[in-house]
Amino acid sequence: MPNDAEEHRKDATYKKAKREGYRARSAFKLLDIQNRYNIFKRAFYILDLGSTPGSWLQVAKKYAELNLTKHKDKYYQRDHYKIMGVDIKRLSPIEDIKILKMDFTSPEFQVEINNYFNGEKLDLILSDASINKSGNKFSDQARQIKLCLNILDLLTKNLKIKGNFLIKVFQGADFENFYKKMKLLFMDVRSLKPKSSNKRSNEIYLIGLKKKY
Ligand SMILES: C[S@@+](CC[C@H](N)C(=O)[O-])C[C@H]1O[C@@H](n2cnc3c(N)ncnc32)[C@H](O)[C@@H]1O
């Protein structure tokens with residue numbers, strides 16, 4: 001059962017999210033990760049998996065817009081951004097963001113990616129996607145890892161070399177294996193339990209920096 005301090009903290013972050021115009025408290029998890037690892041650096045083409053209600057998309061848009069203003073970056077610059085969000089659940093529209101209501105593990109989703117991004121590779125892939133928890137930690141963890149493996153597959157096909165990646169995983173039996181797979185794909189892999197995460201939850205974020213190939 002959540003204790004009073006936890007309830008108080010949740011309530012305070014909820015109010016802060018509302019004040020700052022975010023659709024959910026999870027915006028602060030992403031902002032926390034951004035402050036530490038600068039994953040939005042030079043990110044113009046962004047995919048967000050499991051987006052409802054949309055607070056990560058709001059954060060992504062903010063940084064993509066900021067990146068457009070950095071005209072003097074001689075390494076990589078674009079004059080526009082493209083952001084796509086997908087969820088099985090309904091997601092209310094956000095201006096200038098492509099929103100899809102579908103299962104991102106379906107083969108049709110890859111077609112949608114190709115069409116929207118014109119076959120170009122992406123700078124950043126985010127996933128806060130989680131399975132519907134049943135309450136059984138073991139089977140929930142196994143189902144979440146299976147979902148995460150699907151996401152790695154999407155990543156290998158769509159993320160550009162040197163692109164960044166963020167994914168929510170559950171700690172448990174298969175976690176180490178998943179972490180090793182990430183290590184093979186990225187120059188650097190970090191893990192973080194954001195300050196705004198529930199302390200008793202086994203969720204953890206893995207950050208893949210600079211895809212190797
Ligand atoms: C924690 S919520 C995301 C919150 C979001 N990052 C935000 O800040 O508003 C996780 C979402 O993942 C979605 N999801 C899980 N599996 C999915 C799948 N296979 N395809 C599409 N969406 C999925 C769920 O429907 C859920 O809305």
# chains A, B, ... in the order shown; residues from 1 in each chain; ligands from 1

call {"tool": "residues_near_ligand", "arguments": {"ligand": "ligand 1", "cutoff": "8 Å", "atoms": "only C-alpha atoms and all ligand atoms", "output": "compact mmCIF listing (two decimals) with C-alpha atoms, in the first residue's frame"}}
result
# COMPACT_ATOMS: atom_id res chain seq x y z
CA ARG A 23 -0.56 15.78 -19.63
CA ALA A 24 1.10 13.45 -17.09
CA ARG A 25 3.68 13.33 -14.31
CA SER A 26 5.89 11.08 -16.44
CA ALA A 27 7.07 14.22 -18.26
CA ASP A 48 7.74 7.70 -29.21
CA LEU A 49 6.38 4.21 -28.52
CA GLY A 50 3.47 3.87 -26.08
CA SER A 51 2.59 7.57 -25.94
CA THR A 52 -0.79 7.97 -24.21
CA PRO A 53 -1.63 10.43 -22.66
CA GLY A 54 1.21 12.26 -24.42
CA SER A 55 3.47 14.03 -21.97
CA TRP A 56 6.67 12.57 -23.51
CA LEU A 57 5.50 13.85 -26.89
CA VAL A 86 1.82 5.57 -31.21
CA ASP A 87 -0.43 3.86 -28.70
CA ILE A 88 -3.13 1.21 -28.63
CA LYS A 89 -5.11 3.63 -26.48
CA LYS A 101 -3.69 4.42 -32.71
CA MET A 102 -2.29 0.94 -33.25
CA ASP A 103 -0.14 -1.85 -31.83
CA PHE A 104 3.47 -0.97 -32.59
CA THR A 105 4.44 -4.65 -32.65
CA SER A 106 2.26 -5.22 -35.74
CA SER A 127 9.70 3.99 -25.28
CA ASP A 128 7.76 4.33 -22.05
CA ALA A 129 5.54 1.45 -23.22
CA SER A 130 4.42 -0.99 -20.58
CA ILE A 131 2.26 -4.07 -20.56
CA ASN A 132 -0.92 -4.10 -18.52
CA LEU A 147 7.70 -6.21 -25.49

call {"tool": "select_by_dssp", "arguments": {"residues": "segment 12-211 of chain A", "states": "strand (DSSP E)", "output": "PDB file with N, CA and C atoms, in the first residue's frame"}}
result
ATOM      1  N   TYR A  45      14.186  13.846 -35.892  1.00  0.00           N
ATOM      2  CA  TYR A  45      13.267  12.772 -36.259  1.00  0.00           C
ATOM      3  C   TYR A  45      13.126  11.837 -35.053  1.00  0.00           C
ATOM      4  N   ILE A  46      11.957  11.893 -34.453  1.00  0.00           N
ATOM      5  CA  ILE A  46      11.767  11.220 -33.161  1.00  0.00           C
ATOM      6  C   ILE A  46      10.531  10.306 -33.190  1.00  0.00           C
ATOM      7  N   LEU A  47      10.695   9.131 -32.621  1.00  0.00           N
ATOM      8  CA  LEU A  47       9.583   8.190 -32.504  1.00  0.00           C
ATOM      9  C   LEU A  47       9.356   7.891 -31.025  1.00  0.00           C
ATOM     10  N   ASP A  48       8.094   7.978 -30.598  1.00  0.00           N
ATOM     11  CA  ASP A  48       7.744   7.699 -29.206  1.00  0.00           C
ATOM     12  C   ASP A  48       6.770   6.525 -29.167  1.00  0.00           C
ATOM     13  N   LEU A  49       7.188   5.440 -28.539  1.00  0.00           N
ATOM     14  CA  LEU A  49       6.375   4.214 -28.517  1.00  0.00           C
ATOM     15  C   LEU A  49       5.598   4.106 -27.200  1.00  0.00           C
ATOM     16  N   LYS A  82      10.219  15.934 -37.324  1.00  0.00           N
ATOM     17  CA  LYS A  82       9.089  15.008 -37.492  1.00  0.00           C
ATOM     18  C   LYS A  82       9.012  14.151 -36.234  1.00  0.00           C
ATOM     19  N   ILE A  83       7.876  14.177 -35.605  1.00  0.00           N
ATOM     20  CA  ILE A  83       7.693  13.367 -34.396  1.00  0.00           C
ATOM     21  C   ILE A  83       6.454  12.492 -34.580  1.00  0.00           C
ATOM     22  N   MET A  84       6.611  11.224 -34.250  1.00  0.00           N
ATOM     23  CA  MET A  84       5.475  10.306 -34.343  1.00  0.00           C
ATOM     24  C   MET A  84       5.243   9.632 -32.990  1.00  0.00           C
ATOM     25  N   GLY A  85       3.993   9.584 -32.572  1.00  0.00           N
ATOM     26  CA  GLY A  85       3.635   8.903 -31.330  1.00  0.00           C
ATOM     27  C   GLY A  85       2.632   7.800 -31.638  1.00  0.00           C
ATOM     28  N   VAL A  86       2.739   6.686 -30.944  1.00  0.00           N
ATOM     29  CA  VAL A  86       1.824   5.569 -31.212  1.00  0.00           C
ATOM     30  C   VAL A  86       1.364   4.931 -29.899  1.00  0.00           C
ATOM     31  N   ASP A  87       0.096   4.572 -29.870  1.00  0.00           N
ATOM     32  CA  ASP A  87      -0.427   3.856 -28.696  1.00  0.00           C
ATOM     33  C   ASP A  87      -1.659   3.051 -29.105  1.00  0.00           C
ATOM     34  N   ILE A  97       2.383  16.880 -34.626  1.00  0.00           N
ATOM     35  CA  ILE A  97       2.875  15.542 -34.289  1.00  0.00           C
ATOM     36  C   ILE A  97       1.951  14.511 -34.930  1.00  0.00           C
ATOM     37  N   LYS A  98       2.566  13.511 -35.538  1.00  0.00           N
ATOM     38  CA  LYS A  98       1.779  12.446 -36.166  1.00  0.00           C
ATOM     39  C   LYS A  98       1.403  11.429 -35.088  1.00  0.00           C
ATOM     40  N   ILE A  99       0.126  11.189 -34.941  1.00  0.00           N
ATOM     41  CA  ILE A  99      -0.322  10.266 -33.902  1.00  0.00           C
ATOM     42  C   ILE A  99      -1.036   9.065 -34.524  1.00  0.00           C
ATOM     43  N   LEU A 100      -0.677   7.882 -34.055  1.00  0.00           N
ATOM     44  CA  LEU A 100      -1.296   6.661 -34.576  1.00  0.00           C
ATOM     45  C   LEU A 100      -1.899   5.863 -33.445  1.00  0.00           C
ATOM     46  N   LYS A 101      -3.081   5.297 -33.712  1.00  0.00           N
ATOM     47  CA  LYS A 101      -3.686   4.418 -32.713  1.00  0.00           C
ATOM     48  C   LYS A 101      -3.538   2.998 -33.243  1.00  0.00           C
ATOM     49  N   LEU A 122      15.953   7.435 -37.974  1.00  0.00           N
ATOM     50  CA  LEU A 122      15.545   8.352 -36.905  1.00  0.00           C
ATOM     51  C   LEU A 122      16.711   8.730 -35.990  1.00  0.00           C
ATOM     52  N   ASP A 123      16.589   9.916 -35.382  1.00  0.00           N
ATOM     53  CA  ASP A 123      17.645  10.403 -34.477  1.00  0.00           C
ATOM     54  C   ASP A 123      17.460   9.861 -33.065  1.00  0.00           C
ATOM     55  N   LEU A 124      16.199   9.639 -32.704  1.00  0.00           N
ATOM     56  CA  LEU A 124      15.916   9.264 -31.316  1.00  0.00           C
ATOM     57  C   LEU A 124      14.656   8.401 -31.257  1.00  0.00           C
ATOM     58  N   ILE A 125      14.747   7.313 -30.506  1.00  0.00           N
ATOM     59  CA  ILE A 125      13.546   6.499 -30.252  1.00  0.00           C
ATOM     60  C   ILE A 125      13.332   6.431 -28.739  1.00  0.00           C
ATOM     61  N   LEU A 126      12.095   6.725 -28.339  1.00  0.00           N
ATOM     62  CA  LEU A 126      11.728   6.700 -26.920  1.00  0.00           C
ATOM     63  C   LEU A 126      10.681   5.617 -26.711  1.00  0.00           C
ATOM     64  N   SER A 127      10.780   4.912 -25.602  1.00  0.00           N
ATOM     65  CA  SER A 127       9.695   3.990 -25.277  1.00  0.00           C
ATOM     66  C   SER A 127       9.433   3.964 -23.774  1.00  0.00           C
ATOM     67  N   LEU A 159      16.648   3.160 -36.199  1.00  0.00           N
ATOM     68  CA  LEU A 159      17.463   4.211 -35.565  1.00  0.00           C
ATOM     69  C   LEU A 159      18.758   4.387 -36.350  1.00  0.00           C
ATOM     70  N   LYS A 160      19.162   5.639 -36.529  1.00  0.00           N
ATOM     71  CA  LYS A 160      20.384   5.873 -37.316  1.00  0.00           C
ATOM     72  C   LYS A 160      21.627   5.558 -36.475  1.00  0.00           C
ATOM     73  N   ILE A 161      22.754   5.398 -37.131  1.00  0.00           N
ATOM     74  CA  ILE A 161      24.029   5.225 -36.425  1.00  0.00           C
ATOM     75  C   ILE A 161      24.269   6.511 -35.622  1.00  0.00           C
ATOM     76  N   LYS A 162      24.704   6.358 -34.390  1.00  0.00           N
ATOM     77  CA  LYS A 162      24.906   7.468 -33.434  1.00  0.00           C
ATOM     78  C   LYS A 162      23.593   8.008 -32.852  1.00  0.00           C
ATOM     79  N   GLY A 163      22.463   7.378 -33.218  1.00  0.00           N
ATOM     80  CA  GLY A 163      21.190   7.805 -32.635  1.00  0.00           C
ATOM     81  C   GLY A 163      21.073   7.337 -31.179  1.00  0.00           C
ATOM     82  N   ASN A 164      20.175   7.995 -30.444  1.00  0.00           N
ATOM     83  CA  ASN A 164      19.970   7.653 -29.028  1.00  0.00           C
ATOM     84  C   ASN A 164      18.632   6.941 -28.809  1.00  0.00           C
ATOM     85  N   PHE A 165      18.554   6.275 -27.659  1.00  0.00           N
ATOM     86  CA  PHE A 165      17.402   5.412 -27.384  1.00  0.00           C
ATOM     87  C   PHE A 165      17.119   5.412 -25.886  1.00  0.00           C
ATOM     88  N   LEU A 166      15.844   5.400 -25.565  1.00  0.00           N
ATOM     89  CA  LEU A 166      15.449   5.333 -24.155  1.00  0.00           C
ATOM     90  C   LEU A 166      14.322   4.323 -24.028  1.00  0.00           C
ATOM     91  N   ILE A 167      14.438   3.422 -23.070  1.00  0.00           N
ATOM     92  CA  ILE A 167      13.395   2.397 -22.925  1.00  0.00           C
ATOM     93  C   ILE A 167      13.122   2.067 -21.463  1.00  0.00           C
ATOM     94  N   LYS A 168      11.846   1.819 -21.191  1.00  0.00           N
ATOM     95  CA  LYS A 168      11.477   1.385 -19.839  1.00  0.00           C
ATOM     96  C   LYS A 168      11.497  -0.141 -19.783  1.00  0.00           C
ATOM     97  N   VAL A 169      12.197  -0.683 -18.788  1.00  0.00           N
ATOM     98  CA  VAL A 169      12.294  -2.137 -18.610  1.00  0.00           C
ATOM     99  C   VAL A 169      11.872  -2.441 -17.163  1.00  0.00           C
ATOM    100  N   PHE A 170      11.525  -3.684 -16.889  1.00  0.00           N
ATOM    101  CA  PHE A 170      11.292  -4.068 -15.491  1.00  0.00           C
ATOM    102  C   PHE A 170      12.487  -4.895 -15.036  1.00  0.00           C
ATOM    103  N   PHE A 186      24.985  -0.204 -28.471  1.00  0.00           N
ATOM    104  CA  PHE A 186      25.314   1.203 -28.217  1.00  0.00           C
ATOM    105  C   PHE A 186      26.719   1.387 -27.647  1.00  0.00           C
ATOM    106  N   MET A 187      27.302   2.557 -27.937  1.00  0.00           N
ATOM    107  CA  MET A 187      28.633   2.877 -27.409  1.00  0.00           C
ATOM    108  C   MET A 187      28.593   2.954 -25.883  1.00  0.00           C
ATOM    109  N   ASP A 188      27.464   3.454 -25.372  1.00  0.00           N
ATOM    110  CA  ASP A 188      27.360   3.627 -23.931  1.00  0.00           C
ATOM    111  C   ASP A 188      25.925   3.303 -23.501  1.00  0.00           C
ATOM    112  N   VAL A 189      25.784   2.555 -22.415  1.00  0.00           N
ATOM    113  CA  VAL A 189      24.438   2.260 -21.908  1.00  0.00           C
ATOM    114  C   VAL A 189      24.374   2.661 -20.439  1.00  0.00           C
ATOM    115  N   ARG A 190      23.384   3.447 -20.103  1.00  0.00           N
ATOM    116  CA  ARG A 190      23.200   3.871 -18.710  1.00  0.00           C
ATOM    117  C   ARG A 190      21.839   3.396 -18.210  1.00  0.00           C
ATOM    118  N   SER A 191      21.722   3.273 -16.893  1.00  0.00           N
ATOM    119  CA  SER A 191      20.407   2.936 -16.351  1.00  0.00           C
ATOM    120  C   SER A 191      20.047   3.968 -15.302  1.00  0.00           C
ATOM    121  N   LEU A 192      18.771   4.201 -15.196  1.00  0.00           N
ATOM    122  CA  LEU A 192      18.342   5.231 -14.261  1.00  0.00           C
ATOM    123  C   LEU A 192      16.945   4.956 -13.733  1.00  0.00           C
ATOM    124  N   GLU A 203      10.381  -0.814 -12.123  1.00  0.00           N
ATOM    125  CA  GLU A 203      10.677  -0.235 -13.439  1.00  0.00           C
ATOM    126  C   GLU A 203      11.979   0.554 -13.404  1.00  0.00           C
ATOM    127  N   ILE A 204      12.682   0.449 -14.504  1.00  0.00           N
ATOM    128  CA  ILE A 204      13.950   1.151 -14.604  1.00  0.00           C
ATOM    129  C   ILE A 204      14.104   1.578 -16.066  1.00  0.00           C
ATOM    130  N   TYR A 205      14.783   2.678 -16.301  1.00  0.00           N
ATOM    131  CA  TYR A 205      14.980   3.134 -17.682  1.00  0.00           C
ATOM    132  C   TYR A 205      16.398   2.826 -18.122  1.00  0.00           C
ATOM    133  N   LEU A 206      16.526   2.337 -19.346  1.00  0.00           N
ATOM    134  CA  LEU A 206      17.850   2.139 -19.928  1.00  0.00           C
ATOM    135  C   LEU A 206      18.028   3.177 -21.033  1.00  0.00           C
ATOM    136  N   ILE A 207      19.204   3.751 -21.040  1.00  0.00           N
ATOM    137  CA  ILE A 207      19.495   4.795 -22.021  1.00  0.00           C
ATOM    138  C   ILE A 207      20.634   4.296 -22.896  1.00  0.00           C
ATOM    139  N   GLY A 208      20.372   4.172 -24.184  1.00  0.00           N
ATOM    140  CA  GLY A 208      21.405   3.749 -25.131  1.00  0.00           C
ATOM    141  C   GLY A 208      21.920   4.995 -25.836  1.00  0.00           C
ATOM    142  N   LEU A 209      23.206   5.272 -25.685  1.00  0.00           N
ATOM    143  CA  LEU A 209      23.763   6.481 -26.300  1.00  0.00           C
ATOM    144  C   LEU A 209      24.642   6.098 -27.484  1.00  0.00           C
ATOM    145  N   LYS A 210      24.404   6.718 -28.591  1.00  0.00           N
ATOM    146  CA  LYS A 210      25.184   6.525 -29.831  1.00  0.00           C
ATOM    147  C   LYS A 210      25.162   5.077 -30.327  1.00  0.00           C
ATOM    148  N   LYS A 211      24.209   4.798 -31.160  1.00  0.00           N
ATOM    149  CA  LYS A 211      24.108   3.450 -31.752  1.00  0.00           C
ATOM    150  C   LYS A 211      25.374   3.174 -32.556  1.00  0.00           C
TER     151      LYS A 211
END

call {"tool": "closest_residue", "arguments": {"among": "A:Leu185, A:Ile113, A:Phe40, A:Gln144", "to": "Lys212 of chain A", "atoms": "only C-alpha atoms"}}
result
A:Leu185

call {"tool": "select_by_dssp", "arguments": {"residues": "segment 111-151 of chain A", "states": "alpha helix (DSSP H)", "output": "list of chain:residue names"}}
result
A:Val111, A:Glu112, A:Ile113, A:Asn114, A:Asn115, A:Tyr116, A:Lys137, A:Phe138, A:Ser139, A:Asp140, A:Gln141, A:Ala142, A:Arg143, A:Gln144, A:Ile145, A:Lys146, A:Leu147, A:Cys148, A:Leu149, A:Asn150, A:Ile151
